[in-house]
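Asks: Here you go, this is input_39.csv (CSV, C-alpha atoms and all ligand atoms).
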chain,number,residue,atom,x,y,z
A,1403,MET,CA,2.7,-6.0,-0.1
A,1404,ALA,CA,2.5,-2.4,1.0
A,1405,VAL,CA,5.2,-0.3,-0.4
A,1406,ASP,CA,4.2,3.0,1.2
A,1407,PRO,CA,3.0,2.1,4.7
A,1408,LEU,CA,0.5,4.5,6.3
A,1409,ILE,CA,-0.6,2.4,9.3
A,1410,GLU,CA,1.9,0.0,10.9
A,1411,LEU,CA,1.4,-2.2,14.0
A,1412,HIS,CA,4.4,-4.0,15.2
A,1413,GLY,CA,4.1,-6.7,17.9
A,1414,VAL,CA,1.1,-5.1,19.5
A,1415,ASN,CA,-0.3,-6.8,22.7
A,1416,LYS,CA,-3.2,-5.9,24.9
A,1417,HIS,CA,-5.1,-7.5,27.7
A,1418,PHE,CA,-8.5,-6.8,29.3
A,1419,GLY,CA,-7.8,-8.3,32.7
A,1420,LYS,CA,-6.9,-11.9,32.0
A,1421,LEU,CA,-8.1,-11.8,28.4
A,1422,HIS,CA,-5.3,-11.5,25.9
A,1423,VAL,CA,-7.4,-9.6,23.4
A,1424,LEU,CA,-4.6,-8.6,21.0
A,1425,GLN,CA,-1.8,-11.1,20.7
A,1426,ASP,CA,1.3,-10.0,18.9
A,1427,ILE,CA,-0.5,-8.2,16.1
A,1428,ASN,CA,1.7,-7.3,13.1
A,1429,LEU,CA,-0.2,-5.4,10.4
A,1430,THR,CA,0.8,-2.9,7.7
A,1431,VAL,CA,-1.8,-0.9,5.7
A,1432,GLY,CA,-0.3,0.8,2.7
A,1433,ARG,CA,-1.4,4.2,1.4
A,1434,GLY,CA,-4.5,3.8,-0.7
A,1435,GLU,CA,-5.0,0.2,0.5
A,1436,VAL,CA,-8.4,-1.2,1.6
A,1437,VAL,CA,-8.0,-3.9,4.3
A,1438,VAL,CA,-11.1,-5.7,5.4
A,1439,VAL,CA,-11.0,-7.3,8.8
A,1440,ILE,CA,-13.3,-10.2,9.4
A,1441,GLY,CA,-13.6,-12.9,12.1
A,1442,PRO,CA,-15.9,-14.3,14.8
A,1443,SER,CA,-17.6,-12.0,17.4
A,1444,GLY,CA,-15.2,-11.4,20.3
A,1445,SER,CA,-12.0,-12.0,18.2
A,1446,GLY,CA,-10.7,-8.5,18.8
A,1447,LYS,CA,-11.6,-6.6,15.6
A,1448,SER,CA,-13.1,-3.6,17.4
A,1449,THR,CA,-10.3,-3.4,19.8
A,1450,LEU,CA,-7.8,-3.5,16.9
A,1451,CYS,CA,-9.6,-0.5,15.4
A,1452,ARG,CA,-9.7,1.3,18.7
A,1453,THR,CA,-6.0,0.9,19.3
A,1454,ILE,CA,-5.2,2.3,15.9
A,1455,ASN,CA,-7.1,5.4,16.8
A,1456,ARG,CA,-5.7,5.3,20.4
A,1457,LEU,CA,-9.2,4.9,21.9
A,1458,GLU,CA,-7.5,2.0,23.7
A,1459,THR,CA,-4.0,1.9,25.1
A,1460,ILE,CA,-1.6,-1.0,24.3
A,1461,GLU,CA,0.8,-2.8,26.6
A,1462,SER,CA,3.6,-3.6,24.2
A,1463,GLY,CA,4.5,-3.1,20.6
A,1464,ARG,CA,4.5,-0.1,18.4
A,1465,ILE,CA,1.9,1.7,16.3
A,1466,VAL,CA,3.1,4.1,13.6
A,1467,ILE,CA,0.9,6.3,11.5
A,1468,ASP,CA,2.4,7.8,8.4
A,1469,GLY,CA,5.9,7.4,9.7
A,1470,ARG,CA,5.2,8.8,13.2
A,1471,PRO,CA,4.8,6.8,16.4
A,1472,LEU,CA,1.4,7.0,17.9
A,1473,PRO,CA,1.4,9.8,20.5
A,1474,GLU,CA,0.5,8.9,24.1
A,1475,GLU,CA,-1.6,12.0,24.9
A,1476,GLY,CA,-2.1,15.7,24.5
A,1477,LYS,CA,-2.0,17.7,21.3
A,1478,GLY,CA,-0.5,14.9,19.3
A,1479,LEU,CA,-3.5,12.7,20.1
A,1480,ALA,CA,-6.0,15.3,18.8
A,1481,ARG,CA,-4.0,15.5,15.6
A,1482,LEU,CA,-4.0,11.8,15.2
A,1483,ARG,CA,-7.7,11.5,15.7
A,1484,ALA,CA,-8.1,14.1,13.0
A,1485,GLU,CA,-5.8,12.2,10.7
A,1486,VAL,CA,-7.3,8.8,11.2
A,1487,GLY,CA,-11.1,9.1,11.2
A,1488,MET,CA,-13.5,6.4,12.6
A,1489,VAL,CA,-17.0,5.4,11.6
A,1490,PHE,CA,-18.9,3.3,14.1
A,1491,GLN,CA,-21.8,1.0,13.9
A,1492,SER,CA,-23.9,3.5,15.9
A,1493,PHE,CA,-23.6,6.8,14.0
A,1494,ASN,CA,-23.3,9.0,17.1
A,1495,LEU,CA,-24.7,12.1,15.4
A,1496,PHE,CA,-25.8,15.0,17.6
A,1497,ALA,CA,-29.5,14.7,17.7
A,1498,HIS,CA,-30.3,18.4,18.3
A,1499,LYS,CA,-28.0,19.7,15.5
A,1500,THR,CA,-28.7,19.8,11.8
A,1501,VAL,CA,-27.0,17.5,9.4
A,1502,LEU,CA,-24.9,20.4,8.2
A,1503,ALA,CA,-23.9,21.4,11.8
A,1504,ASN,CA,-23.0,17.8,12.5
A,1505,VAL,CA,-20.5,17.8,9.6
A,1506,SER,CA,-19.2,21.2,10.4
A,1507,LEU,CA,-18.7,20.9,14.2
A,1508,ALA,CA,-15.3,19.3,14.4
A,1509,GLN,CA,-14.0,21.5,11.5
A,1510,LEU,CA,-14.7,24.5,13.7
A,1511,LYS,CA,-13.4,23.0,17.0
A,1512,VAL,CA,-10.5,20.8,15.8
A,1513,ARG,CA,-9.5,22.3,12.5
A,1514,LYS,CA,-10.4,25.9,13.6
A,1515,ARG,CA,-11.9,26.6,10.3
A,1516,LYS,CA,-14.2,29.7,9.8
A,1517,LYS,CA,-17.9,28.8,9.9
A,1518,GLU,CA,-18.3,29.9,6.3
A,1519,ASP,CA,-15.5,27.7,5.1
A,1520,ALA,CA,-16.5,24.7,7.3
A,1521,ASP,CA,-20.1,24.9,6.0
A,1522,ARG,CA,-18.9,25.1,2.4
A,1523,ARG,CA,-16.8,22.0,2.9
A,1524,SER,CA,-19.7,20.3,4.6
A,1525,ARG,CA,-22.0,21.0,1.7
A,1526,GLU,CA,-19.4,19.6,-0.7
A,1527,LEU,CA,-19.1,16.4,1.3
A,1528,LEU,CA,-22.9,16.0,1.7
A,1529,GLU,CA,-23.1,16.3,-2.0
A,1530,ARG,CA,-20.5,13.6,-2.3
A,1531,VAL,CA,-22.4,11.2,-0.1
A,1532,GLY,CA,-25.7,12.0,-1.9
A,1533,LEU,CA,-27.3,14.1,0.8
A,1534,ALA,CA,-27.0,17.7,-0.4
A,1535,ALA,CA,-30.8,18.1,-0.1
A,1536,HIS,CA,-30.8,17.1,3.5
A,1537,ALA,CA,-28.3,19.6,5.0
A,1538,ASP,CA,-30.8,21.4,7.1
A,1539,LYS,CA,-32.7,18.4,8.5
A,1540,LEU,CA,-32.2,16.9,11.9
A,1541,PRO,CA,-30.7,13.4,12.0
A,1542,ALA,CA,-34.0,11.8,13.2
A,1543,GLN,CA,-35.6,12.9,9.9
A,1544,LEU,CA,-33.1,10.7,8.0
A,1545,SER,CA,-33.0,7.0,7.5
A,1546,GLY,CA,-30.3,4.9,9.2
A,1547,GLY,CA,-28.4,4.6,5.9
A,1548,GLN,CA,-28.6,8.3,5.4
A,1549,GLN,CA,-27.4,9.0,9.0
A,1550,GLN,CA,-24.4,6.7,8.4
A,1551,ARG,CA,-23.6,8.6,5.3
A,1552,VAL,CA,-23.6,11.8,7.3
A,1553,ALA,CA,-21.2,10.2,9.7
A,1554,ILE,CA,-18.9,9.3,6.8
A,1555,ALA,CA,-19.1,12.9,5.6
A,1556,ARG,CA,-18.3,14.1,9.1
A,1557,ALA,CA,-15.2,11.9,9.2
A,1558,LEU,CA,-14.1,13.1,5.7
A,1559,ALA,CA,-14.4,16.7,6.9
A,1560,MET,CA,-11.2,16.3,8.9
A,1561,ASP,CA,-9.4,15.5,5.7
A,1562,PRO,CA,-8.2,12.2,7.2
A,1563,LYS,CA,-5.2,10.2,5.9
A,1564,ALA,CA,-7.1,7.0,6.6
A,1565,LEU,CA,-10.6,5.9,7.7
A,1566,LEU,CA,-11.5,3.1,10.1
A,1567,PHE,CA,-14.9,1.5,9.8
A,1568,ASP,CA,-16.2,-0.7,12.6
A,1569,GLU,CA,-19.2,-2.6,11.3
A,1570,PRO,CA,-20.6,0.4,9.6
A,1571,THR,CA,-23.7,-1.4,8.2
A,1572,SER,CA,-24.5,-3.8,11.1
A,1573,ALA,CA,-27.1,-1.6,12.6
A,1574,LEU,CA,-28.9,-0.9,9.3
A,1575,ASP,CA,-32.0,-2.5,7.7
A,1576,PRO,CA,-30.9,-4.6,4.8
A,1577,GLU,CA,-32.3,-2.2,2.1
A,1578,MET,CA,-30.0,0.5,3.4
A,1579,ILE,CA,-26.8,-1.4,3.5
A,1580,ASN,CA,-25.9,-0.9,-0.1
A,1581,GLU,CA,-26.2,2.9,-0.2
A,1582,VAL,CA,-23.5,3.0,2.6
A,1583,LEU,CA,-21.3,0.4,1.0
A,1584,GLU,CA,-21.5,2.3,-2.3
A,1585,VAL,CA,-20.2,5.4,-0.7
A,1586,MET,CA,-17.4,3.3,0.8
A,1587,ARG,CA,-16.6,1.7,-2.6
A,1588,GLN,CA,-16.4,5.2,-4.1
A,1589,LEU,CA,-14.0,6.3,-1.4
A,1590,ALA,CA,-11.9,3.2,-2.1
A,1591,ARG,CA,-11.8,4.0,-5.8
A,1592,GLU,CA,-10.7,7.5,-5.0
A,1593,GLY,CA,-7.7,6.1,-3.2
A,1594,MET,CA,-8.7,6.5,0.5
A,1595,THR,CA,-6.8,4.3,2.8
A,1596,MET,CA,-9.4,2.2,4.7
A,1597,VAL,CA,-9.6,-0.5,7.4
A,1598,VAL,CA,-13.0,-2.0,7.4
A,1599,VAL,CA,-14.4,-4.4,9.9
A,1600,THR,CA,-17.5,-5.9,8.3
A,1601,HIS,CA,-19.5,-9.0,7.7
A,1602,GLU,CA,-20.4,-7.9,4.2
A,1603,MET,CA,-18.4,-10.5,2.2
A,1604,GLY,CA,-19.5,-9.0,-1.1
A,1605,PHE,CA,-17.8,-5.8,-0.1
A,1606,ALA,CA,-14.7,-7.7,1.0
A,1607,ARG,CA,-14.5,-9.5,-2.4
A,1608,SER,CA,-15.1,-6.5,-4.5
A,1609,ALA,CA,-13.4,-3.6,-2.6
A,1610,ALA,CA,-10.6,-5.1,-0.5
A,1611,ASN,CA,-7.0,-5.4,-1.5
A,1612,ARG,CA,-6.5,-7.7,1.5
A,1613,VAL,CA,-8.6,-9.7,3.9
A,1614,VAL,CA,-7.3,-10.0,7.5
A,1615,PHE,CA,-9.0,-12.8,9.4
A,1616,MET,CA,-8.8,-12.6,13.2
A,1617,ALA,CA,-9.6,-15.3,15.8
A,1618,ASP,CA,-9.0,-15.2,19.5
A,1619,GLY,CA,-7.0,-12.0,19.4
A,1620,ARG,CA,-4.6,-13.1,16.6
A,1621,ILE,CA,-4.3,-12.4,12.9
A,1622,VAL,CA,-4.7,-15.9,11.5
A,1623,GLU,CA,-4.7,-15.0,7.8
A,1624,ASP,CA,-3.7,-11.9,5.8
A,1625,ARG,CA,-4.3,-12.5,2.1
A,1626,THR,CA,-5.9,-11.3,-1.1
A,1627,PRO,CA,-9.7,-11.7,-1.1
A,1628,GLU,CA,-9.4,-14.2,-4.0
A,1629,ASP,CA,-7.0,-16.4,-2.1
A,1630,PHE,CA,-8.9,-16.1,1.2
A,1631,PHE,CA,-12.3,-16.9,-0.1
A,1632,THR,CA,-11.3,-19.6,-2.6
A,1633,ALA,CA,-8.7,-21.3,-0.4
A,1634,PRO,CA,-8.7,-20.4,3.2
A,1635,GLU,CA,-5.7,-22.1,4.9
A,1636,SER,CA,-6.6,-22.2,8.6
A,1637,GLU,CA,-9.3,-24.4,10.2
A,1638,ARG,CA,-10.6,-21.3,11.9
A,1639,ALA,CA,-11.2,-19.5,8.7
A,1640,LYS,CA,-12.7,-22.5,6.9
A,1641,ASP,CA,-15.1,-23.0,9.9
A,1642,PHE,CA,-16.0,-19.3,9.9
A,1643,LEU,CA,-16.6,-19.2,6.1
A,1644,SER,CA,-18.7,-22.3,6.2
A,1645,LYS,CA,-21.0,-20.6,8.7
A,1646,ILE,CA,-21.5,-17.3,6.8
A,1647,LEU,CA,-21.3,-18.2,3.1
A,1701,LIG,P1,-15.0,-8.1,18.1
A,1701,LIG,O1,-15.1,-6.6,17.6
A,1701,LIG,O2,-14.2,-8.9,17.2
A,1701,LIG,O3,-16.3,-8.7,18.3
A,1701,LIG,P2,-13.9,-6.9,20.5
A,1701,LIG,O4,-12.6,-6.3,20.2
A,1701,LIG,O5,-15.1,-6.0,20.7
A,1701,LIG,O6,-14.2,-8.1,19.5
A,1701,LIG,O7,-13.8,-7.7,21.9
A,1701,LIG,C1,-12.8,-8.7,22.0
A,1701,LIG,C2,-12.9,-9.3,23.4
A,1701,LIG,O8,-12.6,-8.3,24.4
A,1701,LIG,C3,-14.3,-9.8,23.8
A,1701,LIG,O9,-14.2,-10.9,24.5
A,1701,LIG,C4,-14.9,-8.6,24.6
A,1701,LIG,O10,-15.8,-9.1,25.5
A,1701,LIG,C5,-13.6,-8.1,25.3
A,1701,LIG,N1,-13.7,-6.7,25.6
A,1701,LIG,C6,-13.9,-5.7,24.6
A,1701,LIG,N2,-13.8,-4.5,25.2
A,1701,LIG,C7,-13.6,-4.7,26.5
A,1701,LIG,C8,-13.5,-3.8,27.7
A,1701,LIG,N3,-13.5,-2.5,27.5
A,1701,LIG,N4,-13.3,-4.4,28.9
A,1701,LIG,C9,-13.2,-5.7,29.0
A,1701,LIG,N5,-13.3,-6.6,28.0
A,1701,LIG,C10,-13.5,-6.1,26.8
A,1702,MG,MG,-16.7,-5.5,17.2
Please lay out the structure from this file as C-alpha cells.
Replies:
Amino acid sequence: MAVDPLIELHGVNKHFGKLHVLQDINLTVGRGEVVVVIGPSGSGKSTLCRTINRLETIESGRIVIDGRPLPEEGKGLARLRAEVGMVFQSFNLFAHKTVLANVSLAQLKVRKRKKEDADRRSRELLERVGLAAHADKLPAQLSGGQQQRVAIARALAMDPKALLFDEPTSALDPEMINEVLEVMRQLAREGMTMVVVTHEMGFARSAANRVVFMADGRIVEDRTPEDFFTAPESERAKDFLSKIL
C-alpha cells in the first residue's frame, strides 16, 4: 500500500446528467508508483484522469495532490496542471511549430523560463525520448509514435510530480506502440509517479505496481498485476479479461 501518497481521491462522485460516471471513487497513488487503469469502454477511465487534472469538476468528495487539496480555479489550477502532466491519445502538438518549440512553449509561458534555458531543457528531454535529431522538424514530418514521444517530452518539461496517460498508444499503428511504451517503462524505472489508462496488458503486467479495474463508474478491483491477471475476483473483471486476453 502507498506509504507516501501523491494523488488521493476520497469519495469522489460525478454525474453527466443522469449518468453517475464516477461512483464513490477512493484511490491513492503513492510517490513513485505506477497504477494502470483498465476497464471496458465507457467505464469512466478518462473521466477519472480528467478529474485528477481538474479538467472536469466533481460533485462530492476530495482530491488531494501531494498533500494539498485540488484548487477550484485561478493560479492554483495552473500550478496543478504544471505539477500533474497529462498525455492524451491524440498528441495535440502545434502543427505549425517545430518539435523543439512544442516542448519549449509551456516552459516559456507557464514556467516563465528564458528561451535559452527552455530550449536547453527541451533538447535534453528530446534526447531522453530518443528524438534529439528531430528537434527542428515539424510534427507532421514525424511518425505517430515519434509525435507521442514529443508529447511526453513536453509533459516532462514542466517537471511534473506525476503524469497521467489516457490511452497513449491507442491511436498508433502497432509497430509504433512499443517505442512509446518503452519510454514510459523508462520513466517508471526512474521513479516517475504515473497513472496509465491502457489496453496494453503486457505493459500492465511488466510496469504496473497496481492494476485498477473500473466498470460502470466504480473501482471494482485494485490489486497487484499478478493477483489481478492470475485470479481476478469479480465477474466483471473475469468477463473483461476473457475478451481481451
Ligand atoms: P472510458 O474512458 O472508460 O471509455 P469515459 O470516462 O470517457 O469512459 O466516459 C464514461 C461515460 O461518461 C461514457 O458513458 C461517456 O459517454 C460519458 N461521458 C464522458 N464525457 C462526457 C461528457 N462530457 N458529457 C456527457 N457524457 C460524457
Ligand atoms: Mg477513455
Asks: If we count all atoms listed in the file and set the cut-off at 8 Å, which residues sit around region 1589-1595 of chain A, ignoring sequence neighbours fewer than 5 positions away in its own chain? Please answer as a PyMOL selection string.
Replies: chain A and resi 1431-1436+1563-1565+1609
Asks: Residues at most 12 Å from ligand LIG 1701 (chain A), using only C-alpha atoms and all ligand atoms? Could they come as a ChimeraX atom specification?
Replies: /A:1416-1425,1439-1453,1457-1459,1490-1491,1567-1570,1572,1598-1601,1614-1621
Asks: Could you name the residues that touch Ala1520 (chain A) at 12 Å or less, counting all atoms listed in the file, but leaving out those on the same chain fewer than 6 positions away, as a list in words?
Replies: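 So the residues in contact are Leu1502, Ala1503, Asn1504, Val1505, Ser1506, Leu1507, Ala1508, Gln1509, Leu1510, Lys1511, Val1512, Arg1513, Lys1514, Glu1526, Leu1527, Arg1556, Leu1558, Ala1559, Met1560 and Asp1561 of chain A.
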Asks: Do you have the CA of Arg1470 (chain A)-CA of Thr1430 (chain A) distance handy?
Replies: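 Separation between CA of Arg1470 (chain A) and CA of Thr1430 (chain A): 13.7 Å.
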Asks: Measuring between all atoms listed in the file, which one of A:Met1488, A:Arg1612, A:Ser1545, A:Lys1645 shows the shortest distance to Glu1577 (chain A)?
Replies: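 Smallest distance to Glu1577 (chain A) is found for A:Ser1545.
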Asks: Have a look at A:Val1489, A:Ala1484, A:Ala1534, A:Val1438 and name the one nearest to Thr1571 (chain A); count all atoms listed in the file.
Replies: A:Val1489
Asks: Using Å and a single decimal, report how far CA of Leu1408 (chain A) sits from CA of Pro1562 (chain A).
Replies: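 Separation between CA of Pro1562 (chain A) and CA of Leu1408 (chain A): 11.7 Å.
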Asks: Hey, can you check how far CA of Asp1624 (chain A) sits from atom MG of ligand MG 1702 (chain A)?
Replies: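 Straight-line distance from CA of Asp1624 (chain A) to atom MG of ligand MG 1702 (chain A) works out to 18.4 Å.
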Asks: Name the residues in contact with Val1552 (chain A) at a cut-off of 10 Å, using only C-alpha atoms, excluding same-chain residues fewer than 5 positions from it; report them as JSON, numbers by chain.
Replies: {"A": [1493, 1495, 1501, 1502, 1504, 1505, 1524, 1527, 1528, 1531, 1532, 1533, 1536, 1537, 1541, 1544, 1546, 1547, 1557, 1558, 1582]}
Asks: So which residues fall inside 6 Å of (-30.7, 18.9, 11.9) if we count all atoms listed in the file? Mind giving them as a count of residues only?
Replies: 7
Asks: Considering only C-alpha atoms, can you say which of A:Leu1429, A:Gln1548, A:Ile1460, A:Gln1588 comes closest to Asp1575 (chain A)?
Replies: A:Gln1548
Asks: May I have the residues within 9 Å of region 1473-1482 of chain A as a list in words, using all atoms listed in the file and disregarding those fewer than 4 positions away in the same chain?
Replies: Asn1455, Arg1456, Thr1459, Ile1467, Val1486, Gly1487 and Val1512 of chain A
Asks: Here is a test: counting all atoms listed in the file, which residue of A:Val1585, A:Ser1492, A:Ala1535, A:Glu1518 is nearest to ligand MG 1702 (chain A)?
Replies: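 Smallest distance to ligand MG 1702 (chain A) is found for A:Ser1492.
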Asks: Counting all atoms listed in the file, select every polymer residue within 7 Å of (-12.4, -9.5, -5.5) as defined in the file's coordinates, and provide the selection as a compact mmCIF listing (two decimals) with C-alpha atoms, in the coordinates of the input.
Replies:
# COMPACT_ATOMS: atom_id res chain seq x y z
CA ARG A 1607 -14.50 -9.50 -2.40
CA SER A 1608 -15.10 -6.50 -4.50
CA ALA A 1609 -13.40 -3.60 -2.60
CA ALA A 1610 -10.60 -5.10 -0.50
CA PRO A 1627 -9.70 -11.70 -1.10
CA GLU A 1628 -9.40 -14.20 -4.00
